[in-house]
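Reproduced below: upload.cif, with mmCIF, C-alpha atoms.
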```cif
data_start
#
loop_
_atom_site.label_atom_id
_atom_site.label_comp_id
_atom_site.auth_asym_id
_atom_site.auth_seq_id
_atom_site.Cartn_x
_atom_site.Cartn_y
_atom_site.Cartn_z
CA MET A 1497 57.03 198.83 70.08
CA ALA A 1498 59.05 199.04 73.28
CA ILE A 1499 62.69 200.04 72.98
CA GLU A 1500 64.98 197.84 75.09
CA THR A 1501 67.92 199.63 76.70
CA LEU A 1502 71.15 197.75 77.33
CA THR A 1503 71.59 197.97 81.04
CA ILE A 1504 74.73 196.77 82.84
CA GLU A 1505 72.78 193.77 84.15
CA VAL A 1506 71.66 192.73 80.68
CA ALA A 1507 75.20 193.16 79.32
CA GLN A 1508 76.60 191.01 82.14
CA GLU A 1509 74.03 188.29 81.53
CA MET A 1510 74.82 188.33 77.80
CA ALA A 1511 78.55 188.12 78.50
CA PHE A 1512 77.97 185.13 80.77
CA GLY A 1513 75.81 183.55 78.09
CA TYR A 1514 78.53 183.93 75.44
CA THR A 1515 81.11 182.56 77.88
CA ALA A 1516 78.92 179.52 78.51
CA ILE A 1517 78.52 178.99 74.74
CA GLY A 1518 82.33 179.24 74.34
CA ALA A 1519 82.88 176.75 77.16
CA GLY A 1520 80.37 174.38 75.60
CA LEU A 1521 82.02 174.67 72.20
CA ALA A 1522 85.47 174.09 73.73
CA VAL A 1523 84.38 170.78 75.28
CA GLY A 1524 82.09 169.75 72.44
CA LEU A 1525 84.44 170.39 69.55
CA ALA A 1526 87.35 168.86 71.47
CA GLY A 1527 85.13 165.80 72.00
CA VAL A 1528 84.34 165.59 68.27
CA GLY A 1529 88.07 165.89 67.46
CA THR A 1530 88.89 163.18 69.94
CA GLY A 1531 86.22 160.95 68.46
CA LEU A 1532 87.61 161.41 64.96
CA GLY A 1533 91.14 160.66 66.18
CA GLU A 1534 90.03 157.62 68.15
CA MET A 1535 88.05 156.23 65.21
CA GLY A 1536 91.18 155.35 63.24
CA ILE A 1537 93.31 154.43 66.21
CA GLY A 1538 90.54 152.33 67.74
CA ALA A 1539 89.91 150.41 64.52
CA ALA A 1540 93.64 149.72 64.13
CA ALA A 1541 93.93 148.79 67.82
CA VAL A 1542 91.08 146.28 67.59
CA GLY A 1543 92.61 144.85 64.40
CA ALA A 1544 96.03 144.47 65.99
CA THR A 1545 94.57 142.96 69.17
CA ALA A 1546 92.48 140.50 67.14
CA GLU A 1547 95.70 139.18 65.60
CA ASP A 1548 97.82 139.29 68.73
CA ARG A 1549 96.29 139.45 72.21
CA GLU A 1550 99.55 140.67 73.68
CA MET A 1551 99.07 143.99 71.89
CA PHE A 1552 96.00 144.81 73.97
CA GLY A 1553 97.78 146.99 76.56
CA LEU A 1554 99.74 149.01 74.04
CA ALA A 1555 96.72 149.30 71.72
CA LEU A 1556 94.57 150.59 74.58
CA LEU A 1557 97.22 153.15 75.49
CA PHE A 1558 97.34 154.47 71.91
CA THR A 1559 93.54 154.51 71.70
CA VAL A 1560 93.14 156.75 74.75
CA LEU A 1561 95.89 159.19 73.74
CA PRO A 1562 93.43 161.53 71.93
CA GLU A 1563 91.48 161.81 75.22
CA THR A 1564 94.02 164.47 76.18
CA ILE A 1565 92.38 166.77 73.62
CA VAL A 1566 89.11 166.63 75.61
CA ILE A 1567 91.04 167.48 78.76
CA PHE A 1568 92.48 170.53 77.01
CA GLY A 1569 88.94 171.51 75.98
CA LEU A 1570 87.70 170.98 79.53
CA VAL A 1571 90.52 173.11 80.96
CA ILE A 1572 89.67 175.93 78.53
CA ALA A 1573 85.97 175.63 79.48
CA LEU A 1574 86.75 175.80 83.20
CA LEU A 1575 89.04 178.79 82.66
CA LEU A 1576 86.28 180.56 80.73
CA LEU A 1577 83.65 179.86 83.38
CA PHE A 1578 85.55 180.43 86.59
CA LEU A 1579 88.26 182.98 85.83
CA MET B 547 74.97 140.46 63.14
CA THR B 548 74.84 143.96 61.74
CA GLU B 549 77.91 144.90 59.73
CA VAL B 550 78.95 148.54 59.94
CA MET B 551 80.43 149.43 56.56
CA SER B 552 80.48 153.22 56.61
CA GLY B 553 83.58 155.35 57.03
CA PRO B 554 87.22 154.38 56.94
CA ALA B 555 87.21 152.31 60.18
CA PRO B 556 86.60 148.88 58.52
CA TYR B 557 89.45 149.53 56.05
CA ILE B 558 91.79 150.56 58.88
CA TYR B 559 90.79 147.46 60.86
CA VAL B 560 91.42 145.04 57.99
CA SER B 561 94.60 146.80 56.82
CA THR B 562 96.03 146.54 60.33
CA ARG B 563 95.15 142.85 60.57
CA MET B 564 96.85 142.21 57.24
CA ARG B 565 99.95 144.14 58.32
CA VAL B 566 100.18 142.14 61.56
CA ARG B 567 99.78 138.89 59.63
CA LYS B 568 102.42 139.97 57.14
CA ALA B 569 104.80 140.77 60.00
CA LYS B 570 104.32 137.23 61.31
CA LEU B 571 105.41 135.62 58.02
CA ILE B 572 108.85 134.02 57.85
CA GLN B 573 111.63 136.56 57.49
CA ARG B 574 114.83 136.26 55.44
CA GLU B 575 116.99 135.36 58.47
CA GLU B 576 114.65 132.49 59.34
CA TYR B 577 114.86 131.13 55.77
CA LEU B 578 118.65 131.27 55.94
CA ARG B 579 118.53 129.30 59.21
CA MET B 580 116.13 126.76 57.66
CA LEU B 581 118.45 126.28 54.69
CA ASN B 582 121.05 124.75 56.98
CA MET B 583 118.64 122.43 58.79
CA GLY B 584 118.32 118.74 58.05
CA LEU B 585 114.95 117.44 56.79
CA PRO B 586 113.80 116.05 60.21
CA GLU B 587 114.65 119.31 61.97
CA PHE B 588 112.98 121.33 59.20
CA THR B 589 109.85 119.15 59.46
CA ARG B 590 109.73 119.69 63.24
CA GLN B 591 110.09 123.43 62.70
CA ILE B 592 107.14 123.46 60.26
CA GLU B 593 105.05 121.42 62.70
CA GLU B 594 105.61 124.06 65.38
CA MET B 595 104.48 126.88 63.10
CA GLU B 596 100.96 127.93 62.09
CA TYR B 597 100.72 124.87 59.82
CA LYS B 598 100.36 122.56 62.82
CA ARG B 599 96.57 122.34 62.67
CA GLU B 600 96.57 121.37 58.98
CA ILE B 601 99.37 118.83 59.55
CA ASP B 602 97.28 117.22 62.32
CA GLU B 603 94.18 117.21 60.09
CA LEU B 604 95.94 115.58 57.13
CA SER B 605 98.31 113.25 58.99
CA ALA B 606 95.96 110.29 58.46
CA SER B 607 96.03 110.70 54.66
CA PHE B 608 99.63 111.76 53.94
CA SER B 609 103.10 111.34 55.38
CA GLY B 610 106.57 112.86 55.05
CA VAL B 611 107.13 115.74 52.65
CA ASP B 612 103.75 115.06 50.98
CA LEU B 613 102.09 115.79 54.31
CA ILE B 614 103.97 119.07 54.70
CA GLU B 615 103.20 120.13 51.14
CA ASN B 616 99.49 119.35 51.39
CA ALA B 617 99.21 120.93 54.84
CA MET B 618 100.75 124.14 53.50
CA SER B 619 98.42 124.22 50.48
CA TRP B 620 95.44 123.59 52.73
CA ASN B 621 96.59 126.31 55.12
CA LEU B 622 97.00 128.75 52.22
CA ALA B 623 93.50 127.98 50.95
CA LYS B 624 91.93 128.42 54.39
CA GLU B 625 93.88 131.61 55.01
CA TYR B 626 92.74 133.12 51.70
CA GLN B 627 89.12 132.24 52.47
CA ARG B 628 89.48 133.96 55.85
CA VAL B 629 90.90 137.06 54.14
CA ILE B 630 87.92 137.18 51.76
CA ALA B 631 85.58 136.92 54.75
CA LEU B 632 87.41 139.77 56.52
CA ALA B 633 87.64 142.16 53.56
CA PRO B 634 85.15 145.04 53.82
CA GLY B 635 83.01 146.67 51.11
CA GLU B 636 84.54 146.93 47.66
CA MET B 637 87.70 145.25 48.90
CA LYS B 638 85.82 141.96 49.11
CA GLY B 639 84.93 142.07 45.43
CA PHE B 640 88.46 142.99 44.38
CA THR B 641 89.92 140.25 46.60
CA ARG B 642 87.55 137.66 45.12
CA ASP B 643 88.46 138.78 41.61
CA TYR B 644 92.16 138.68 42.42
CA LEU B 645 91.96 135.16 43.91
CA HIS B 646 90.12 134.00 40.82
CA LYS B 647 93.50 132.89 39.43
CA TRP B 648 93.41 129.98 41.87
CA ASP B 649 90.15 128.83 40.26
CA ILE B 650 91.85 128.96 36.86
CA GLN B 651 94.82 127.00 38.19
CA ASN B 652 92.56 124.39 39.82
CA ILE B 653 90.33 123.96 36.78
CA LEU B 654 93.36 123.56 34.53
CA THR B 655 94.84 121.00 36.93
CA ILE B 656 91.58 119.02 36.91
CA LEU B 657 91.32 119.17 33.11
CA ARG B 658 94.95 118.16 32.63
CA GLY B 659 94.56 115.32 35.11
CA LYS B 660 91.32 114.06 33.56
CA VAL B 661 92.71 114.17 30.02
CA GLN B 662 95.82 112.25 31.12
CA GLY B 663 93.72 109.70 33.02
CA ILE B 664 95.09 110.48 36.48
CA SER B 665 93.01 109.30 39.45
CA ASP B 666 90.71 111.77 41.24
CA GLY B 667 92.60 111.26 44.51
CA LYS B 668 95.92 112.30 42.97
CA ILE B 669 94.36 115.34 41.29
CA ARG B 670 92.65 116.36 44.54
CA ALA B 671 95.98 116.24 46.36
CA VAL B 672 97.43 119.03 44.21
CA LEU B 673 94.41 121.34 44.20
CA VAL B 674 94.52 124.53 46.26
CA PRO B 675 90.93 125.69 46.89
CA ALA B 676 91.94 129.30 47.54
CA GLY B 677 89.57 130.97 45.07
CA GLU B 678 85.81 131.14 44.61
CA LEU B 679 85.59 127.40 44.02
CA ASN B 680 85.93 125.84 47.46
CA ALA B 681 86.82 122.20 48.22
CA PRO B 682 83.24 120.79 47.80
CA ALA B 683 82.85 122.68 44.48
CA LEU B 684 86.15 121.26 43.22
CA ASP B 685 85.12 117.76 44.38
CA HIS B 686 81.92 118.21 42.40
CA LEU B 687 83.95 119.08 39.29
CA LEU B 688 86.28 116.13 39.90
CA ALA B 689 83.33 113.77 40.00
CA GLU B 690 82.38 114.68 36.42
CA SER B 691 83.22 112.08 33.82
CA SER B 692 84.69 114.22 31.03
CA ALA B 693 86.44 117.55 30.42
CA GLU B 694 83.38 118.83 28.50
CA ARG B 695 81.08 118.01 31.42
CA ILE B 696 83.44 119.81 33.84
CA ILE B 697 83.24 122.97 31.74
CA GLU B 698 79.45 122.72 31.46
CA THR B 699 79.16 122.39 35.25
CA LEU B 700 81.31 125.45 35.98
CA PRO B 701 79.35 128.22 37.70
CA GLN B 702 81.48 130.94 36.05
CA LYS B 703 79.96 131.02 32.58
CA GLN B 704 82.43 133.51 31.04
CA LEU B 705 85.34 131.37 32.17
CA ALA B 706 83.54 128.31 30.81
CA ALA B 707 83.20 130.05 27.42
CA VAL B 708 86.97 130.67 27.25
CA LEU B 709 87.61 127.05 28.22
CA SER B 710 85.13 125.70 25.66
CA ALA B 711 86.72 127.74 22.88
CA GLY B 712 90.19 126.27 23.44
CA LEU B 713 89.54 122.81 24.86
CA ALA B 714 89.37 120.84 21.61
CA GLU B 715 92.63 122.36 20.37
CA ALA B 716 94.34 121.71 23.71
CA ILE B 717 93.29 118.06 23.75
CA GLY B 718 94.27 117.66 20.08
CA ALA B 719 97.71 119.21 20.63
CA HIS B 720 98.24 117.34 23.96
CA SER B 721 99.14 120.67 25.49
CA PHE B 722 97.13 123.11 27.58
CA GLY B 723 99.72 125.87 27.12
CA SER B 724 97.71 128.00 24.67
CA LEU B 725 94.52 127.55 26.67
CA GLU B 726 96.38 128.58 29.81
CA ASN B 727 97.58 131.75 28.06
CA GLU B 728 94.02 132.58 27.01
CA LEU B 729 92.70 131.97 30.51
CA TYR B 730 95.24 134.30 32.10
CA LYS B 731 94.53 136.96 29.46
CA TYR B 732 90.86 136.63 30.35
CA TYR B 733 91.75 136.81 34.06
CA TYR B 734 93.72 140.05 33.75
CA ALA B 735 91.09 141.59 31.42
CA THR B 736 88.50 140.81 34.13
CA LEU B 737 90.68 142.41 36.80
CA ILE B 738 91.17 145.58 34.74
CA LYS B 739 87.44 145.77 34.04
CA ALA B 740 86.65 145.40 37.76
CA ALA B 741 89.30 147.95 38.78
CA ARG B 742 88.07 150.52 36.26
CA GLY B 743 84.42 149.88 36.99
CA GLY B 744 84.15 153.14 38.93
CA MET B 745 84.08 151.55 42.36
CA LYS B 746 85.70 153.31 45.31
CA GLY B 747 89.29 152.16 45.81
CA GLY B 748 89.59 150.97 42.22
CA LEU B 749 92.58 153.14 41.31
CA PRO B 750 95.18 151.51 43.63
CA PHE B 751 93.89 148.11 42.50
CA PHE B 752 94.15 149.11 38.83
CA LYS B 753 97.72 150.36 39.31
CA TYR B 754 98.65 147.11 41.00
CA VAL B 755 97.12 145.00 38.21
CA VAL B 756 99.06 146.98 35.58
CA PHE B 757 102.24 146.51 37.59
CA GLU B 758 101.65 142.76 37.90
CA ILE B 759 101.03 142.49 34.15
CA ASP B 760 104.31 144.34 33.52
CA ILE B 761 106.16 141.88 35.77
CA LYS B 762 104.53 138.86 34.09
CA ASN B 763 105.32 140.19 30.61
CA SER B 764 108.92 141.01 31.63
CA ILE B 765 109.43 137.51 33.04
CA ASN B 766 108.00 135.99 29.84
CA LEU B 767 110.27 138.24 27.75
CA PHE B 768 113.39 137.10 29.60
CA ARG B 769 112.24 133.46 29.44
CA ILE B 770 111.83 133.65 25.65
CA ARG B 771 115.20 135.36 25.29
CA ALA B 772 116.78 132.64 27.46
CA GLN B 773 115.36 129.97 25.12
CA GLY B 774 117.33 131.56 22.28
CA LYS B 775 114.56 131.43 19.65
CA PRO B 776 114.41 135.04 18.40
CA ASN B 777 112.01 134.35 15.51
CA ALA B 778 109.47 132.30 17.45
CA ASN B 779 105.85 133.52 17.28
CA THR B 780 105.17 134.90 20.72
CA SER B 781 102.07 136.98 20.01
CA GLU B 782 99.76 134.75 22.04
CA ILE B 783 101.67 134.87 25.31
CA TRP B 784 101.61 138.62 26.05
CA ILE B 785 99.05 139.94 28.46
CA GLU B 786 97.39 143.15 27.35
CA GLY B 787 96.72 146.08 29.66
CA GLY B 788 100.24 146.64 30.96
CA SER B 789 102.63 149.54 30.36
CA TYR B 790 104.21 147.89 27.32
CA HIS B 791 102.49 147.35 24.02
CA THR B 792 102.45 143.69 22.98
CA ASP B 793 104.08 144.51 19.59
CA GLU B 794 106.95 146.16 21.42
CA LEU B 795 107.43 143.11 23.65
CA GLU B 796 107.42 140.85 20.61
CA ARG B 797 110.06 143.05 18.96
CA LEU B 798 112.21 142.98 22.10
CA CYS B 799 112.36 139.18 21.93
CA SER B 800 114.42 139.40 18.77
CA VAL B 801 116.68 142.30 19.84
CA ALA B 802 120.13 140.83 20.32
CA ASN B 803 121.50 143.54 22.57
CA LEU B 804 120.40 142.99 26.20
CA ASP B 805 121.22 146.60 27.18
CA GLU B 806 118.82 147.88 24.51
CA VAL B 807 116.06 145.63 25.88
CA ILE B 808 116.58 146.86 29.42
CA ASP B 809 116.74 150.51 28.35
CA THR B 810 113.45 150.10 26.45
CA LEU B 811 111.78 148.41 29.42
CA LYS B 812 113.01 151.09 31.82
CA LYS B 813 111.51 153.91 29.76
CA LYS B 814 107.96 153.07 30.80
CA ILE B 815 108.61 152.18 34.42
CA LYS B 816 108.48 154.58 37.34
CA SER B 817 109.11 152.15 40.20
CA PRO B 818 112.71 152.61 41.48
CA VAL B 819 112.66 149.06 42.88
CA LEU B 820 111.89 147.57 39.48
CA ILE B 821 114.38 149.84 37.73
CA ASP B 822 117.09 148.57 40.14
CA ALA B 823 116.05 144.97 39.43
CA LEU B 824 116.24 145.55 35.67
CA GLU B 825 119.65 147.20 36.05
CA SER B 826 120.96 144.09 37.79
CA VAL B 827 119.73 141.97 34.86
CA ARG B 828 122.39 143.67 32.71
CA GLU B 829 124.89 141.25 34.20
CA LYS B 830 124.06 138.00 32.45
CA LYS B 831 122.26 135.77 34.94
CA PRO B 832 120.35 132.46 34.71
CA ILE B 833 116.62 132.84 34.08
CA TYR B 834 115.56 131.52 37.53
CA SER B 835 117.71 134.22 39.11
CA ILE B 836 116.15 136.96 36.92
CA GLU B 837 112.66 135.67 37.75
CA GLY B 838 113.46 135.66 41.46
CA MET B 839 114.75 139.23 41.28
CA LEU B 840 111.71 140.50 39.37
CA ILE B 841 109.32 138.80 41.81
CA ALA B 842 111.25 140.19 44.78
CA ALA B 843 111.07 143.65 43.13
CA GLN B 844 107.31 143.19 42.69
CA LEU B 845 106.86 142.33 46.36
CA ASN B 846 109.05 145.23 47.51
CA GLN B 847 107.16 147.65 45.28
CA MET B 848 103.88 146.33 46.69
CA ASP B 849 105.24 146.91 50.21
CA ASN B 850 106.09 150.50 49.30
CA VAL B 851 102.69 151.14 47.74
CA SER B 852 100.90 149.63 50.73
CA LYS B 853 102.79 151.99 53.04
CA ARG B 854 101.78 154.98 50.89
CA ASN B 855 98.15 153.79 50.69
CA PRO B 856 97.67 152.13 54.09
CA PHE B 857 93.88 152.05 53.93
CA SER B 858 93.39 150.64 50.45
CA ILE B 859 93.45 147.15 48.98
CA SER B 860 97.28 147.29 48.81
CA PRO B 861 98.09 145.88 52.31
CA LEU B 862 95.70 143.03 51.62
CA LEU B 863 97.27 142.20 48.24
CA VAL B 864 100.78 142.35 49.71
CA TYR B 865 99.81 139.87 52.39
CA LEU B 866 98.19 137.50 49.86
CA GLU B 867 101.30 137.55 47.66
CA ARG B 868 103.80 137.28 50.54
CA LYS B 869 101.85 134.35 51.97
CA LYS B 870 101.85 132.64 48.57
CA TYR B 871 105.62 132.94 48.32
CA GLU B 872 106.09 131.77 51.91
CA VAL B 873 104.27 128.55 51.04
CA ALA B 874 106.22 128.27 47.77
CA ASN B 875 109.52 128.77 49.60
CA LEU B 876 108.73 126.22 52.31
CA ARG B 877 107.60 123.75 49.66
CA ALA B 878 110.84 124.30 47.73
CA LEU B 879 112.84 123.82 50.92
CA ALA B 880 111.00 120.60 51.81
CA ARG B 881 111.29 119.09 48.33
CA GLY B 882 114.87 120.32 47.92
CA LYS B 883 115.98 118.85 51.22
CA GLU B 884 114.23 115.57 50.36
CA ALA B 885 116.16 115.49 47.05
CA GLY B 886 119.42 116.24 48.90
CA LEU B 887 120.09 119.62 47.24
CA ALA B 888 122.81 121.78 48.77
CA PRO B 889 121.67 124.88 50.73
CA ALA B 890 123.51 127.16 48.27
CA VAL B 891 121.52 125.69 45.36
CA LEU B 892 118.21 125.87 47.25
CA GLU B 893 118.78 129.49 48.25
CA LYS B 894 118.73 130.56 44.59
CA TYR B 895 115.15 129.31 44.22
CA LEU B 896 113.74 131.13 47.25
CA VAL B 897 111.93 134.46 47.00
CA MET B 898 113.16 136.39 50.02
#
```
In structure tokens, write the structure found in this file.
Amino acid sequence: MAIETLTIEVAQEMAFGYTAIGAGLAVGLAGVGTGLGEMGIGAAAVGATAEDREMFGLALLFTVLPETIVIFGLVIALLLLFL
Amino acid sequence: MTEVMSGPAPYIYVSTRMRVRKAKLIQREEYLRMLNMGLPEFTRQIEEMEYKREIDELSASFSGVDLIENAMSWNLAKEYQRVIALAPGEMKGFTRDYLHKWDIQNILTILRGKVQGISDGKIRAVLVPAGELNAPALDHLLAESSAERIIETLPQKQLAAVLSAGLAEAIGAHSFGSLENELYKYYYATLIKAARGGMKGGLPFFKYVVFEIDIKNSINLFRIRAQGKPNANTSEIWIEGGSYHTDELERLCSVANLDEVIDTLKKKIKSPVLIDALESVREKKPIYSIEGMLIAAQLNQMDNVSKRNPFSISPLLVYLERKKYEVANLRALARGKEAGLAPAVLEKYLVM
């Protein structure tokens, strides 16, 4: 059985791989969190809008508020990949 | 259409709709403004509200205050049917069970009317098809020739059994009072059974049912005390399943000291709103005022519970009850103004 030695190149590739996994998790988990947050807000927003059309603008604003979490995740991912 | 019933989203959706609808109901300030209006102005105001469609629909059959009253009843019935259609999952079953009291009220109205020989048209005018029995089902019952046939035709067989057991006595005594008591006992027993049936969301519903029974029993207690018959047999009027034992309630009827009665009632109550209401009963007040305060306390407590449990059946029940009292208040205002009652007198009969 061949014994693999950890060269600098292999270590660098592994580090990049872990960074990519971290970046993916940052965006993915932030997306899941956003989805969970938007589930309740979205349901309430649709309910409120169904009763009063004038609430549409405000309801939409509240619904998209959790989107900021994805942006945070994206920023972290970009920092991990390019810094 | 596929109905998505998983997760909390449907509950949040319906709870929000109910909260928006509740917010649109008439507020205290508006009632106070209406109290000072003349009948024509009040009628115009009602016609501009959400009752407009029903007023237009019924304007060919009724006029004046009768039109307003029937339009409001019709609006209430349609609104309750819409709420049942909206309610998701287990909430639908609980809502149906809760609105079953309208079936009891309608069946009793039909039976009373039939026994007294009142015409079908007049009976139909006072029915509120807000429960499981819709307008065609009630028309079908009205078309039956006798009280016995009406009971046989009823789709709810358990309810029919309770009616059959007490009908002969009610007709013989020329009073449906005892039968009415039995029906409401059956109704609350059904609610408790449904709430404790192990279904999701049953606990808030159960707590509400117990609270409503406590309010009903308290109102009955103060009514009996107001009649001044301490030794009267009251065993049949108490509804079981509440916080108070029926024997205790019966004993409280004959206790002369009002403070002792209130202290006893307070011992088993946790709701601060109801405790405050009971405290204010210490000052001797007329029975309609006590009833109004207890009902207002019930509604306020329901509001509090619905805020603590926003995604349960509570917001839905609060809306149903608030809507019922809005219609009752507007009806009282219309009839009171027609009879020429002073605003100060009318105000005492409103639940605000």
What are the closest atom pairs, with distances in Å to one decimal, for all residues of chain B lying within 10 Å of chain A? Consider all atoms listed in the file, order rows by chain and residue number, and present the result as a Markdown table.
```
| residue | atom | partner | partner_atom | distance |
| --- | --- | --- | --- | --- |
| B:Gly553 | CA | A:Met1535 | CA | 9.4 |
| B:Pro554 | CA | A:Gly1536 | CA | 7.5 |
| B:Ala555 | CA | A:Ala1539 | CA | 5.5 |
| B:Pro556 | CA | A:Ala1539 | CA | 7.0 |
| B:Tyr557 | CA | A:Ala1539 | CA | 8.5 |
| B:Ile558 | CA | A:Ala1540 | CA | 5.6 |
| B:Tyr559 | CA | A:Gly1543 | CA | 4.8 |
| B:Val560 | CA | A:Gly1543 | CA | 6.5 |
| B:Ser561 | CA | A:Ala1540 | CA | 7.9 |
| B:Thr562 | CA | A:Ala1540 | CA | 5.5 |
| B:Arg563 | CA | A:Gly1543 | CA | 5.0 |
| B:Met564 | CA | A:Gly1543 | CA | 8.7 |
| B:Arg565 | CA | A:Ala1544 | CA | 8.6 |
| B:Val566 | CA | A:Ala1544 | CA | 6.5 |
| B:Arg567 | CA | A:Glu1547 | CA | 7.2 |
| B:Lys570 | CA | A:Glu1547 | CA | 9.8 |
```
What do you get, as a ChimeraX atom specification, if you spell out every residue that the PyMOL selection byres ((chain A and resi 1527) around 10) selects here?
/A:1521-1526,1528-1533,1562-1567,1569-1570
With only C-alpha atoms as the counted atoms, please give the residues lying no more than 8 Å from Leu585 in chain B, apart from itself and same-chain residues fewer than 2 positions off, as a PyMOL selection string.
chain B and resi 583+587-589+880+883-884
To one decimal in Å, tell me the separation between CA of Gln662 in chain B and CA of His720 in chain B.
9.1 Å
How would you write, as a PDB file with C-alpha atoms, in the coordinates of the input, the residues chosen by the PyMOL selection byres ((chain A and resi 1502-1519) around 7) on this structure?
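Result file is out_22.pdb:
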```pdb
ATOM      1  CA  GLU A1500      64.980 197.840  75.090  1.00  0.00           C
ATOM      2  CA  THR A1501      67.920 199.630  76.700  1.00  0.00           C
ATOM      3  CA  GLY A1520      80.370 174.380  75.600  1.00  0.00           C
ATOM      4  CA  LEU A1521      82.020 174.670  72.200  1.00  0.00           C
ATOM      5  CA  ALA A1522      85.470 174.090  73.730  1.00  0.00           C
ATOM      6  CA  VAL A1523      84.380 170.780  75.280  1.00  0.00           C
ATOM      7  CA  ILE A1572      89.670 175.930  78.530  1.00  0.00           C
ATOM      8  CA  ALA A1573      85.970 175.630  79.480  1.00  0.00           C
ATOM      9  CA  LEU A1576      86.280 180.560  80.730  1.00  0.00           C
ATOM     10  CA  LEU A1577      83.650 179.860  83.380  1.00  0.00           C
TER      11      LEU A1577
END
```
Go ahead and compute the interatomic distance for CA of Lys831 in chain B and CA of Ala772 in chain B, in Å to one decimal.
9.8 Å
Point-to-point distance from CA of Gly882 in chain B to CA of Leu840 in chain B, Å rounded to tenths
22.1 Å
Scan for residues within 12 Å of the point (90.8, 142.8, 37.2) in the coordinates of the file, using all atoms listed in the file, and reply as a PyMOL selection string.
chain B and resi 639-647+730-743+748-756+758-759+786-788
Those residues with C-alpha atoms, as a compact mmCIF listing (two decimals), in the frame of the given file please?
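What follows is the written file out.txt:
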```txt
# COMPACT_ATOMS: atom_id res chain seq x y z
CA GLY B 639 84.93 142.07 45.43
CA PHE B 640 88.46 142.99 44.38
CA THR B 641 89.92 140.25 46.60
CA ARG B 642 87.55 137.66 45.12
CA ASP B 643 88.46 138.78 41.61
CA TYR B 644 92.16 138.68 42.42
CA LEU B 645 91.96 135.16 43.91
CA HIS B 646 90.12 134.00 40.82
CA LYS B 647 93.50 132.89 39.43
CA TYR B 730 95.24 134.30 32.10
CA LYS B 731 94.53 136.96 29.46
CA TYR B 732 90.86 136.63 30.35
CA TYR B 733 91.75 136.81 34.06
CA TYR B 734 93.72 140.05 33.75
CA ALA B 735 91.09 141.59 31.42
CA THR B 736 88.50 140.81 34.13
CA LEU B 737 90.68 142.41 36.80
CA ILE B 738 91.17 145.58 34.74
CA LYS B 739 87.44 145.77 34.04
CA ALA B 740 86.65 145.40 37.76
CA ALA B 741 89.30 147.95 38.78
CA ARG B 742 88.07 150.52 36.26
CA GLY B 743 84.42 149.88 36.99
CA GLY B 748 89.59 150.97 42.22
CA LEU B 749 92.58 153.14 41.31
CA PRO B 750 95.18 151.51 43.63
CA PHE B 751 93.89 148.11 42.50
CA PHE B 752 94.15 149.11 38.83
CA LYS B 753 97.72 150.36 39.31
CA TYR B 754 98.65 147.11 41.00
CA VAL B 755 97.12 145.00 38.21
CA VAL B 756 99.06 146.98 35.58
CA GLU B 758 101.65 142.76 37.90
CA ILE B 759 101.03 142.49 34.15
CA GLU B 786 97.39 143.15 27.35
CA GLY B 787 96.72 146.08 29.66
CA GLY B 788 100.24 146.64 30.96
```
Give the padded box for range 772-776 of chain B as AutoDock Vina command-line options: axis-aligned, covering all atoms listed in the file, 3 Å on each side, centre and edge lengths in Å to one decimal.
```
--center_x 115.9 --center_y 132.5 --center_z 22.9 --size_x 8.9 --size_y 11.1 --size_z 15.1
```
Can you pull out every residue within 12 Å of Asp822 in chain B, counting all atoms listed in the file, but drop anything in the same chain fewer than 6 positions away, and send it as an mmCIF file with C-alpha atoms, in the coordinates of the input?
```cif
data_model
loop_
_atom_site.group_PDB
_atom_site.id
_atom_site.type_symbol
_atom_site.label_atom_id
_atom_site.label_comp_id
_atom_site.auth_asym_id
_atom_site.auth_seq_id
_atom_site.Cartn_x
_atom_site.Cartn_y
_atom_site.Cartn_z
ATOM 1 C CA ILE B 808 116.580 146.860 29.420
ATOM 2 C CA ASP B 809 116.740 150.510 28.350
ATOM 3 C CA LEU B 811 111.780 148.410 29.420
ATOM 4 C CA LYS B 812 113.010 151.090 31.820
ATOM 5 C CA ILE B 815 108.610 152.180 34.420
ATOM 6 C CA LYS B 816 108.480 154.580 37.340
ATOM 7 C CA ARG B 828 122.390 143.670 32.710
ATOM 8 C CA MET B 839 114.750 139.230 41.280
ATOM 9 C CA LEU B 840 111.710 140.500 39.370
ATOM 10 C CA ALA B 842 111.250 140.190 44.780
ATOM 11 C CA ALA B 843 111.070 143.650 43.130
ATOM 12 C CA GLN B 844 107.310 143.190 42.690
ATOM 13 C CA ASN B 846 109.050 145.230 47.510
ATOM 14 C CA GLN B 847 107.160 147.650 45.280
#
```
I'd like the residues picked by the PyMOL selection byres ((chain B and resi 574) around 12) written out as a PyMOL selection string, using the chain letters and numbers from the file.
chain B and resi 569+571-573+575-581+842+872+875+893+896-898
Would you please work out which residue, of B:Val807, B:Leu767, B:Val864, B:Ala716, is nearest to Thr792 in chain B when using only C-alpha atoms?
B:Leu767
Would you mind listing what lies within 8 Å of range 683-688 of chain B as a PyMOL selection string, with all atoms listed in the file counted and same-chain residues fewer than 5 positions away left out?
chain B and resi 652+656+666+670+675+696+699-700
Got a sec: who's within 12 Å of range 724-729 of chain B, counting only C-alpha atoms, leaving out chain neighbours fewer than 5 positions off, as a ChimeraX atom specification?
/B:646-655,657-658,704-719,734-736,762-763,766,780-786
